[in-house]
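Trainee: My file is work.pdb. It has PDB, C-alpha atoms, pLDDT in the B column:
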ATOM      1  CA  MET A  52       0.000   0.000   0.000  1.00 48.00           C
ATOM      2  CA  MET A  53       2.890   2.346   0.782  1.00 51.00           C
ATOM      3  CA  LYS A  54       4.318   1.684  -2.680  1.00 54.00           C
ATOM      4  CA  CYS A  55       1.034   2.797  -4.224  1.00 53.00           C
ATOM      5  CA  LEU A  56       0.988   5.968  -2.135  1.00 49.00           C
ATOM      6  CA  ARG A  57       4.549   6.818  -3.178  1.00 58.00           C
ATOM      7  CA  ILE A  58       3.502   6.585  -6.810  1.00 57.00           C
ATOM      8  CA  PHE A  59       0.149   8.355  -6.689  1.00 57.00           C
ATOM      9  CA  LEU A  60       0.851  11.136  -4.171  1.00 54.00           C
ATOM     10  CA  PRO A  61       3.059  13.199  -6.554  1.00 59.00           C
ATOM     11  CA  ALA A  62       0.430  12.828  -9.285  1.00 60.00           C
ATOM     12  CA  LEU A  63      -2.275  14.039  -6.910  1.00 55.00           C
ATOM     13  CA  LEU A  64      -0.138  17.027  -5.883  1.00 52.00           C
ATOM     14  CA  LEU A  65       0.499  17.908  -9.526  1.00 54.00           C
ATOM     15  CA  VAL A  66      -3.206  17.839 -10.358  1.00 58.00           C
ATOM     16  CA  SER A  67      -4.106  19.972  -7.338  1.00 58.00           C
ATOM     17  CA  ALA A  68      -1.375  22.500  -8.201  1.00 52.00           C
ATOM     18  CA  LEU A  69      -2.646  22.708 -11.776  1.00 53.00           C
ATOM     19  CA  ALA A  70      -6.209  23.192 -10.537  1.00 57.00           C
ATOM     20  CA  THR A  71      -5.061  25.983  -8.219  1.00 55.00           C
ATOM     21  CA  VAL A  72      -3.275  27.817 -11.040  1.00 50.00           C
ATOM     22  CA  LEU A  73      -6.258  27.503 -13.369  1.00 53.00           C
ATOM     23  CA  ALA A  74      -8.760  28.472 -10.683  1.00 51.00           C
ATOM     24  CA  GLU A  75      -7.400  31.974 -10.160  1.00 50.00           C
ATOM     25  CA  SER A  76     -10.367  34.138 -10.999  1.00 48.00           C
ATOM     26  CA  ALA A  77      -9.046  37.680 -10.595  1.00 43.00           C
ATOM     27  CA  PRO A  78      -6.887  38.496 -13.632  1.00 47.00           C
ATOM     28  CA  LYS A  79      -4.040  40.928 -13.023  1.00 50.00           C
ATOM     29  CA  ASP A  80      -4.406  42.240 -16.530  1.00 55.00           C
ATOM     30  CA  VAL A  81      -7.892  42.735 -17.966  1.00 80.00           C
ATOM     31  CA  CYS A  82      -8.115  40.753 -21.200  1.00 87.00           C
ATOM     32  CA  GLU A  83     -10.457  43.151 -22.962  1.00 86.00           C
ATOM     33  CA  THR A  84      -7.740  45.840 -23.062  1.00 88.00           C
ATOM     34  CA  LYS A  85      -5.828  43.641 -25.524  1.00 85.00           C
ATOM     35  CA  ASN A  86      -8.543  43.655 -28.214  1.00 85.00           C
ATOM     36  CA  GLY A  87      -7.129  44.316 -31.657  1.00 83.00           C
ATOM     37  CA  THR A  88      -3.643  43.107 -30.693  1.00 87.00           C
ATOM     38  CA  SER A  89      -2.165  39.747 -31.652  1.00 89.00           C
ATOM     39  CA  CYS A  90      -3.010  36.272 -30.378  1.00 90.00           C
ATOM     40  CA  GLU A  91       0.405  35.953 -28.701  1.00 91.00           C
ATOM     41  CA  GLU A  92      -0.102  39.232 -26.839  1.00 89.00           C
ATOM     42  CA  CYS A  93      -3.568  38.191 -25.642  1.00 90.00           C
ATOM     43  CA  LEU A  94      -2.601  34.702 -24.516  1.00 88.00           C
ATOM     44  CA  ARG A  95       0.274  35.865 -22.334  1.00 88.00           C
ATOM     45  CA  ASN A  96      -2.381  36.061 -19.645  1.00 86.00           C
ATOM     46  CA  VAL A  97      -3.665  32.569 -18.782  1.00 86.00           C
ATOM     47  CA  THR A  98      -7.195  33.831 -18.131  1.00 88.00           C
ATOM     48  CA  CYS A  99      -7.626  35.216 -21.640  1.00 90.00           C
ATOM     49  CA  LEU A 100      -9.281  33.625 -24.680  1.00 89.00           C
ATOM     50  CA  TRP A 101      -8.503  34.776 -28.236  1.00 90.00           C
ATOM     51  CA  CYS A 102     -11.102  34.580 -30.989  1.00 91.00           C
ATOM     52  CA  ILE A 103      -9.554  34.564 -34.463  1.00 89.00           C
ATOM     53  CA  LYS A 104     -12.800  35.347 -36.308  1.00 88.00           C
ATOM     54  CA  THR A 105     -13.549  38.556 -34.372  1.00 88.00           C
ATOM     55  CA  LYS A 106      -9.935  39.288 -33.288  1.00 88.00           C
ATOM     56  CA  LEU A 107     -11.181  39.840 -29.738  1.00 90.00           C
ATOM     57  CA  CYS A 108      -9.375  39.033 -26.523  1.00 91.00           C
ATOM     58  CA  VAL A 109     -11.897  38.148 -23.830  1.00 89.00           C
ATOM     59  CA  THR A 110     -11.733  36.825 -20.286  1.00 88.00           C
ATOM     60  CA  TYR A 111     -12.224  33.083 -20.313  1.00 86.00           C
ATOM     61  CA  PRO A 112     -15.748  32.178 -19.076  1.00 84.00           C
ATOM     62  CA  VAL A 113     -14.806  29.792 -16.242  1.00 83.00           C
ATOM     63  CA  ARG A 114     -18.409  29.345 -15.083  1.00 84.00           C
ATOM     64  CA  THR A 115     -19.458  27.625 -18.333  1.00 84.00           C
ATOM     65  CA  ILE A 116     -16.271  25.477 -18.619  1.00 81.00           C
ATOM     66  CA  LEU A 117     -16.432  25.601 -22.432  1.00 84.00           C
ATOM     67  CA  PRO A 118     -16.794  28.999 -24.098  1.00 84.00           C
ATOM     68  CA  PRO A 119     -20.292  29.445 -25.563  1.00 87.00           C
ATOM     69  CA  HIS A 120     -20.680  29.522 -29.349  1.00 85.00           C
ATOM     70  CA  SER A 121     -22.069  33.066 -29.133  1.00 87.00           C
ATOM     71  CA  LEU A 122     -18.773  34.255 -27.625  1.00 86.00           C
ATOM     72  CA  CYS A 123     -16.565  32.415 -30.108  1.00 88.00           C
ATOM     73  CA  PRO A 124     -16.918  29.120 -32.046  1.00 87.00           C
ATOM     74  CA  LEU A 125     -14.663  26.369 -30.682  1.00 85.00           C
ATOM     75  CA  ASP A 126     -12.701  26.006 -33.919  1.00 86.00           C
ATOM     76  CA  ASP A 127     -11.874  29.743 -33.858  1.00 87.00           C
ATOM     77  CA  ALA A 128     -11.120  29.979 -30.126  1.00 89.00           C
ATOM     78  CA  ARG A 129      -7.541  29.881 -28.904  1.00 89.00           C
ATOM     79  CA  TRP A 130      -6.506  29.386 -25.277  1.00 86.00           C
ATOM     80  CA  GLY A 131      -2.979  28.776 -24.077  1.00 83.00           C
ATOM     81  CA  LEU A 132      -1.521  28.202 -27.568  1.00 84.00           C
ATOM     82  CA  CYS A 133      -2.169  30.272 -30.668  1.00 88.00           C
ATOM     83  CA  TRP A 134      -1.499  27.461 -33.122  1.00 88.00           C
ATOM     84  CA  MET A 135      -4.036  25.043 -31.563  1.00 84.00           C
ATOM     85  CA  ASN A 136      -7.766  25.695 -31.655  1.00 83.00           C
ATOM     86  CA  PHE A 137      -9.875  24.997 -28.588  1.00 79.00           C
ATOM     87  CA  GLN A 138     -11.627  22.011 -30.172  1.00 85.00           C
ATOM     88  CA  THR A 139      -8.294  20.270 -30.855  1.00 84.00           C
ATOM     89  CA  LEU A 140      -7.106  21.178 -27.352  1.00 82.00           C
ATOM     90  CA  ILE A 141     -10.196  19.563 -25.798  1.00 86.00           C
ATOM     91  CA  ILE A 142      -9.782  16.385 -27.862  1.00 90.00           C
ATOM     92  CA  THR A 143      -6.050  16.187 -27.048  1.00 90.00           C
ATOM     93  CA  LEU A 144      -6.610  16.740 -23.333  1.00 90.00           C
ATOM     94  CA  SER A 145      -9.396  14.131 -23.331  1.00 94.00           C
ATOM     95  CA  VAL A 146      -7.146  11.530 -24.960  1.00 96.00           C
ATOM     96  CA  VAL A 147      -4.233  12.328 -22.632  1.00 96.00           C
ATOM     97  CA  GLY A 148      -6.584  12.221 -19.635  1.00 95.00           C
ATOM     98  CA  GLY A 149      -7.983   8.853 -20.741  1.00 96.00           C
ATOM     99  CA  VAL A 150      -4.494   7.425 -21.201  1.00 97.00           C
ATOM    100  CA  LEU A 151      -3.474   8.715 -17.757  1.00 96.00           C
ATOM    101  CA  ILE A 152      -6.546   7.173 -16.126  1.00 96.00           C
ATOM    102  CA  ILE A 153      -5.888   3.835 -17.826  1.00 95.00           C
ATOM    103  CA  ALA A 154      -2.204   3.991 -16.827  1.00 92.00           C
ATOM    104  CA  LEU A 155      -3.213   4.836 -13.257  1.00 90.00           C
ATOM    105  CA  LEU A 156      -5.575   1.862 -13.125  1.00 88.00           C
ATOM    106  CA  VAL A 157      -2.920  -0.457 -14.574  1.00 86.00           C
ATOM    107  CA  CYS A 158      -0.362   0.796 -12.042  1.00 85.00           C
ATOM    108  CA  LEU A 159      -2.853   0.394  -9.226  1.00 81.00           C
ATOM    109  CA  PHE A 160      -3.634  -3.123 -10.405  1.00 80.00           C
ATOM    110  CA  CYS A 161       0.022  -4.142 -10.782  1.00 79.00           C
ATOM    111  CA  CYS A 162       1.585  -2.309  -7.828  1.00 75.00           C
ATOM    112  CA  CYS A 163      -1.017  -3.241  -5.264  1.00 72.00           C
ATOM    113  CA  LYS A 164      -1.349  -6.783  -6.640  1.00 66.00           C
ATOM    114  CA  CYS A 165      -5.100  -6.730  -6.795  1.00 55.00           C
ATOM    115  CA  GLU A 166      -5.024  -9.890  -8.884  1.00 54.00           C
ATOM    116  CA  ASN A 167      -3.555 -11.829  -5.923  1.00 60.00           C
ATOM    117  CA  PHE A 168      -5.949 -10.469  -3.315  1.00 61.00           C
ATOM    118  CA  GLY A 169      -7.008 -13.369  -1.140  1.00 63.00           C
ATOM    119  CA  SER A 170      -5.226 -16.008  -3.232  1.00 71.00           C
ATOM    120  CA  LYS A 171      -2.943 -17.076  -0.364  1.00 75.00           C
ATOM    121  CA  ARG A 172      -5.937 -17.570   1.867  1.00 79.00           C
ATOM    122  CA  PHE A 173      -7.674 -19.566  -0.881  1.00 81.00           C
ATOM    123  CA  GLU A 174      -4.533 -21.640  -1.442  1.00 84.00           C
ATOM    124  CA  ALA A 175      -4.231 -22.428   2.274  1.00 86.00           C
ATOM    125  CA  LYS A 176      -7.898 -23.453   2.397  1.00 89.00           C
ATOM    126  CA  MET A 177      -7.458 -25.760  -0.595  1.00 91.00           C
ATOM    127  CA  GLN A 178      -4.351 -27.379   0.949  1.00 92.00           C
ATOM    128  CA  LYS A 179      -6.190 -27.934   4.219  1.00 94.00           C
ATOM    129  CA  GLN A 180      -9.094 -29.542   2.373  1.00 95.00           C
ATOM    130  CA  ALA A 181      -6.735 -31.770   0.339  1.00 95.00           C
ATOM    131  CA  GLN A 182      -4.986 -32.847   3.546  1.00 96.00           C
ATOM    132  CA  LYS A 183      -8.337 -33.742   5.149  1.00 96.00           C
ATOM    133  CA  THR A 184      -9.330 -35.803   2.105  1.00 96.00           C
ATOM    134  CA  LYS A 185      -5.976 -37.607   2.103  1.00 96.00           C
ATOM    135  CA  THR A 186      -6.243 -38.389   5.837  1.00 96.00           C
ATOM    136  CA  LYS A 187      -9.792 -39.774   5.436  1.00 96.00           C
ATOM    137  CA  GLN A 188      -8.677 -41.908   2.507  1.00 97.00           C
ATOM    138  CA  GLU A 189      -5.754 -43.354   4.509  1.00 96.00           C
ATOM    139  CA  GLU A 190      -8.068 -44.111   7.456  1.00 97.00           C
ATOM    140  CA  ARG A 191     -10.538 -45.901   5.158  1.00 97.00           C
ATOM    141  CA  ARG A 192      -7.711 -47.897   3.570  1.00 96.00           C
ATOM    142  CA  ALA A 193      -6.399 -48.915   7.032  1.00 96.00           C
ATOM    143  CA  GLU A 194      -9.918 -49.973   8.139  1.00 96.00           C
ATOM    144  CA  MET A 195     -10.370 -51.999   4.939  1.00 96.00           C
ATOM    145  CA  ASN A 196      -7.018 -53.781   5.453  1.00 93.00           C
ATOM    146  CA  GLN A 197      -7.959 -54.534   9.071  1.00 94.00           C
ATOM    147  CA  ARG A 198     -11.307 -56.000   7.955  1.00 94.00           C
ATOM    148  CA  HIS A 199      -9.564 -58.140   5.331  1.00 92.00           C
ATOM    149  CA  LYS A 200      -7.117 -59.440   7.985  1.00 89.00           C
ATOM    150  CA  GLU A 201      -9.991 -60.362  10.293  1.00 90.00           C
ATOM    151  CA  ILE A 202     -11.780 -62.227   7.501  1.00 89.00           C
ATOM    152  CA  ARG A 203      -8.581 -64.108   6.589  1.00 85.00           C
ATOM    153  CA  GLN A 204      -8.039 -65.111  10.265  1.00 85.00           C
ATOM    154  CA  LYS A 205     -11.673 -66.172  10.615  1.00 86.00           C
ATOM    155  CA  TYR A 206     -11.423 -68.584   7.684  1.00 84.00           C
ATOM    156  CA  GLY A 207      -7.799 -69.638   8.364  1.00 78.00           C
ATOM    157  CA  LEU A 208      -6.295 -67.887   5.377  1.00 79.00           C
ATOM    158  CA  SER A 209      -3.848 -65.777   7.378  1.00 74.00           C
ATOM    159  CA  GLY A 210      -0.880 -68.150   6.934  1.00 71.00           C
ATOM    160  CA  PRO A 211       1.216 -68.689   3.827  1.00 72.00           C
ATOM    161  CA  ASN A 212      -0.675 -69.150   0.590  1.00 70.00           C
ATOM    162  CA  PRO A 213      -1.116 -72.938  -0.021  1.00 66.00           C
ATOM    163  CA  TYR A 214      -1.131 -72.432  -3.786  1.00 71.00           C
ATOM    164  CA  ALA A 215       2.270 -70.664  -3.780  1.00 69.00           C
ATOM    165  CA  ARG A 216       4.115 -73.947  -4.317  1.00 67.00           C
ATOM    166  CA  PHE A 217       2.389 -74.479  -7.729  1.00 73.00           C
ATOM    167  CA  SER A 218       3.723 -71.307  -9.224  1.00 63.00           C
TER     168      SER A 218
END
Please lay out the structure from this file as structure tokens.
Mentor:
Amino acid sequence: MMKCLRIFLPALLLVSALATVLAESAPKDVCETKNGTSCEECLRNVTCLWCIKTKLCVTYPVRTILPPHSLCPLDDARWGLCWMNFQTLIITLSVVGGVLIIALLVCLFCCCKCENFGSKRFEAKMQKQAQKTKTKQEERRAEMNQRHKEIRQKYGLSGPNPYARFS
């Protein structure tokens, strides 16, 4: 369990730090003052969104998560990088997020050995049951041999085999 924590704690800290940086709501520089400038100038501030069609620099609408189409269509919106439209950014981040989640699940499965959970207990139970069966079988065999001996003694067959000399 400690091994799992050592792996996943830095990832958790990284995600929380990223969320803190992105959650800052009060921009130092108002984005609307950069209207009519270039995309690079607008996107120097993380809270700004550049619309290529209208050449407007607007404050990113954090309440709606995705910018509404009335503000700027997704294929014309730029955030963070001027050369990548917002639609491509969303798809890329979704794929990277999916890969990270799958990798996290695989690591969790492998590192914490979820596939072996309870297998030692099951193995011990099966060995105990096999030992019981073997003991019962040996007891039955011993009882059967004892019964055969008693029958042989009863009918006088316990001595040497009288037919042995013919062989």
Trainee: I want to know what sits within 10 Å of range 141-152 of chain A, based on all atoms listed in the file, with residues of the same chain fewer than 6 positions away left out; could you give that as a list of chain:residue names?
Mentor: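 Everything that qualifies: A:Leu117, A:Leu125, A:Cys158.
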Trainee: What does the PyMOL selection byres ((chain A and resi 105) around 12) select in this file, as a tab-separated table (two decimals) with C-alpha atoms, in the coordinates of the input?
Mentor:
chain	number	residue	atom	x	y	z
A	86	ASN	CA	-8.54	43.66	-28.21
A	87	GLY	CA	-7.13	44.32	-31.66
A	88	THR	CA	-3.64	43.11	-30.69
A	89	SER	CA	-2.16	39.75	-31.65
A	90	CYS	CA	-3.01	36.27	-30.38
A	100	LEU	CA	-9.28	33.62	-24.68
A	101	TRP	CA	-8.50	34.78	-28.24
A	102	CYS	CA	-11.10	34.58	-30.99
A	103	ILE	CA	-9.55	34.56	-34.46
A	104	LYS	CA	-12.80	35.35	-36.31
A	106	LYS	CA	-9.94	39.29	-33.29
A	107	LEU	CA	-11.18	39.84	-29.74
A	108	CYS	CA	-9.38	39.03	-26.52
A	109	VAL	CA	-11.90	38.15	-23.83
A	121	SER	CA	-22.07	33.07	-29.13
A	122	LEU	CA	-18.77	34.26	-27.62
A	123	CYS	CA	-16.57	32.42	-30.11
A	124	PRO	CA	-16.92	29.12	-32.05
A	127	ASP	CA	-11.87	29.74	-33.86
A	128	ALA	CA	-11.12	29.98	-30.13
A	129	ARG	CA	-7.54	29.88	-28.90
Trainee: Could you state the separation of CA of Tyr111 in chain A and CA of Cys93 in chain A in Å, given to one decimal place?
Mentor: 11.4 Å
Trainee: Which of these, A:Leu208, A:Met135, A:Thr84, A:Trp130, has the shortest distance to Cys99 in chain A once you count all atoms listed in the file?
Mentor: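 The closest residue to Cys99 in chain A is A:Trp130.
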Trainee: Please measure the separation of CA of Arg198 in chain A and CA of Thr184 in chain A, giving the value in Å to one decimal.
Mentor: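 Going from CA of Arg198 in chain A over to CA of Thr184 in chain A, I get 21.1 Å.
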Trainee: Figure out the distance between CA of Asn136 in chain A and CA of Thr110 in chain A, please, to one decimal in Å.
Mentor: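 A separation of 16.4 Å between them.
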Trainee: Please, can range 84-95 of chain A be completed to all heavy atoms and returned as a PDB file, in the coordinates of the input?
Mentor:
ATOM      1  N   THR A  84      -8.611  44.723 -22.646  1.00 88.00           N
ATOM      2  CA  THR A  84      -7.740  45.840 -23.062  1.00 88.00           C
ATOM      3  C   THR A  84      -6.819  45.427 -24.201  1.00 88.00           C
ATOM      4  O   THR A  84      -6.218  46.290 -24.835  1.00 88.00           O
ATOM      5  CB  THR A  84      -6.873  46.324 -21.879  1.00 88.00           C
ATOM      6  OG1 THR A  84      -6.075  45.235 -21.410  1.00 88.00           O
ATOM      7  CG2 THR A  84      -7.735  46.861 -20.752  1.00 88.00           C
ATOM      8  N   LYS A  85      -6.729  44.130 -24.471  1.00 85.00           N
ATOM      9  CA  LYS A  85      -5.828  43.641 -25.524  1.00 85.00           C
ATOM     10  C   LYS A  85      -6.574  43.328 -26.817  1.00 85.00           C
ATOM     11  O   LYS A  85      -6.047  42.630 -27.679  1.00 85.00           O
ATOM     12  CB  LYS A  85      -5.083  42.410 -25.024  1.00 85.00           C
ATOM     13  CG  LYS A  85      -4.207  42.748 -23.843  1.00 85.00           C
ATOM     14  CD  LYS A  85      -3.297  41.646 -23.467  1.00 85.00           C
ATOM     15  CE  LYS A  85      -2.478  42.129 -22.279  1.00 85.00           C
ATOM     16  NZ  LYS A  85      -1.441  41.217 -21.922  1.00 85.00           N
ATOM     17  N   ASN A  86      -7.798  43.833 -26.964  1.00 85.00           N
ATOM     18  CA  ASN A  86      -8.543  43.655 -28.214  1.00 85.00           C
ATOM     19  C   ASN A  86      -7.801  44.367 -29.340  1.00 85.00           C
ATOM     20  O   ASN A  86      -7.261  45.459 -29.161  1.00 85.00           O
ATOM     21  CB  ASN A  86      -9.955  44.228 -28.106  1.00 85.00           C
ATOM     22  CG  ASN A  86     -10.851  43.332 -27.287  1.00 85.00           C
ATOM     23  OD1 ASN A  86     -10.544  42.166 -27.088  1.00 85.00           O
ATOM     24  ND2 ASN A  86     -11.949  43.885 -26.808  1.00 85.00           N
ATOM     25  N   GLY A  87      -7.781  43.714 -30.501  1.00 83.00           N
ATOM     26  CA  GLY A  87      -7.129  44.316 -31.657  1.00 83.00           C
ATOM     27  C   GLY A  87      -5.635  44.054 -31.698  1.00 83.00           C
ATOM     28  O   GLY A  87      -4.983  44.440 -32.665  1.00 83.00           O
ATOM     29  N   THR A  88      -5.071  43.437 -30.672  1.00 87.00           N
ATOM     30  CA  THR A  88      -3.643  43.107 -30.693  1.00 87.00           C
ATOM     31  C   THR A  88      -3.483  41.741 -31.354  1.00 87.00           C
ATOM     32  O   THR A  88      -4.360  41.287 -32.080  1.00 87.00           O
ATOM     33  CB  THR A  88      -3.065  43.093 -29.258  1.00 87.00           C
ATOM     34  OG1 THR A  88      -3.743  42.089 -28.510  1.00 87.00           O
ATOM     35  CG2 THR A  88      -3.211  44.443 -28.585  1.00 87.00           C
ATOM     36  N   SER A  89      -2.402  41.072 -31.065  1.00 89.00           N
ATOM     37  CA  SER A  89      -2.165  39.747 -31.652  1.00 89.00           C
ATOM     38  C   SER A  89      -2.572  38.648 -30.669  1.00 89.00           C
ATOM     39  O   SER A  89      -2.778  38.888 -29.483  1.00 89.00           O
ATOM     40  CB  SER A  89      -0.680  39.598 -32.005  1.00 89.00           C
ATOM     41  OG  SER A  89       0.090  39.566 -30.828  1.00 89.00           O
ATOM     42  N   CYS A  90      -2.654  37.427 -31.197  1.00 90.00           N
ATOM     43  CA  CYS A  90      -3.010  36.272 -30.378  1.00 90.00           C
ATOM     44  C   CYS A  90      -1.960  36.049 -29.290  1.00 90.00           C
ATOM     45  O   CYS A  90      -2.290  35.780 -28.136  1.00 90.00           O
ATOM     46  CB  CYS A  90      -3.128  35.039 -31.272  1.00 90.00           C
ATOM     47  SG  CYS A  90      -3.449  33.510 -30.384  1.00 90.00           S
ATOM     48  N   GLU A  91      -0.679  36.166 -29.664  1.00 91.00           N
ATOM     49  CA  GLU A  91       0.405  35.953 -28.701  1.00 91.00           C
ATOM     50  C   GLU A  91       0.317  36.947 -27.547  1.00 91.00           C
ATOM     51  O   GLU A  91       0.536  36.602 -26.386  1.00 91.00           O
ATOM     52  CB  GLU A  91       1.779  36.065 -29.382  1.00 91.00           C
ATOM     53  CG  GLU A  91       2.106  34.938 -30.317  1.00 91.00           C
ATOM     54  CD  GLU A  91       1.467  35.092 -31.700  1.00 91.00           C
ATOM     55  OE1 GLU A  91       0.952  36.179 -32.024  1.00 91.00           O
ATOM     56  OE2 GLU A  91       1.463  34.091 -32.442  1.00 91.00           O
ATOM     57  N   GLU A  92       0.002  38.192 -27.870  1.00 89.00           N
ATOM     58  CA  GLU A  92      -0.102  39.232 -26.839  1.00 89.00           C
ATOM     59  C   GLU A  92      -1.273  38.932 -25.899  1.00 89.00           C
ATOM     60  O   GLU A  92      -1.161  39.069 -24.688  1.00 89.00           O
ATOM     61  CB  GLU A  92      -0.299  40.594 -27.518  1.00 89.00           C
ATOM     62  CG  GLU A  92      -0.304  41.774 -26.575  1.00 89.00           C
ATOM     63  CD  GLU A  92       1.061  42.043 -25.977  1.00 89.00           C
ATOM     64  OE1 GLU A  92       2.081  41.769 -26.616  1.00 89.00           O
ATOM     65  OE2 GLU A  92       1.096  42.538 -24.822  1.00 89.00           O
ATOM     66  N   CYS A  93      -2.380  38.489 -26.454  1.00 90.00           N
ATOM     67  CA  CYS A  93      -3.568  38.191 -25.642  1.00 90.00           C
ATOM     68  C   CYS A  93      -3.331  36.992 -24.729  1.00 90.00           C
ATOM     69  O   CYS A  93      -3.687  37.024 -23.552  1.00 90.00           O
ATOM     70  CB  CYS A  93      -4.751  37.918 -26.569  1.00 90.00           C
ATOM     71  SG  CYS A  93      -6.228  37.344 -25.712  1.00 90.00           S
ATOM     72  N   LEU A  94      -2.720  35.944 -25.268  1.00 88.00           N
ATOM     73  CA  LEU A  94      -2.601  34.702 -24.516  1.00 88.00           C
ATOM     74  C   LEU A  94      -1.434  34.683 -23.536  1.00 88.00           C
ATOM     75  O   LEU A  94      -1.185  33.655 -22.905  1.00 88.00           O
ATOM     76  CB  LEU A  94      -2.499  33.511 -25.483  1.00 88.00           C
ATOM     77  CG  LEU A  94      -3.743  33.260 -26.330  1.00 88.00           C
ATOM     78  CD1 LEU A  94      -3.558  32.022 -27.170  1.00 88.00           C
ATOM     79  CD2 LEU A  94      -4.990  33.148 -25.477  1.00 88.00           C
ATOM     80  N   ARG A  95      -0.746  35.802 -23.390  1.00 88.00           N
ATOM     81  CA  ARG A  95       0.274  35.865 -22.334  1.00 88.00           C
ATOM     82  C   ARG A  95      -0.379  35.749 -20.962  1.00 88.00           C
ATOM     83  O   ARG A  95       0.227  35.263 -20.027  1.00 88.00           O
ATOM     84  CB  ARG A  95       1.063  37.171 -22.433  1.00 88.00           C
ATOM     85  CG  ARG A  95       2.055  37.159 -23.542  1.00 88.00           C
ATOM     86  CD  ARG A  95       2.957  38.345 -23.506  1.00 88.00           C
ATOM     87  NE  ARG A  95       3.833  38.306 -24.666  1.00 88.00           N
ATOM     88  CZ  ARG A  95       4.340  39.365 -25.238  1.00 88.00           C
ATOM     89  NH1 ARG A  95       4.083  40.568 -24.754  1.00 88.00           N
ATOM     90  NH2 ARG A  95       5.113  39.251 -26.285  1.00 88.00           N
TER      91      ARG A  95
END
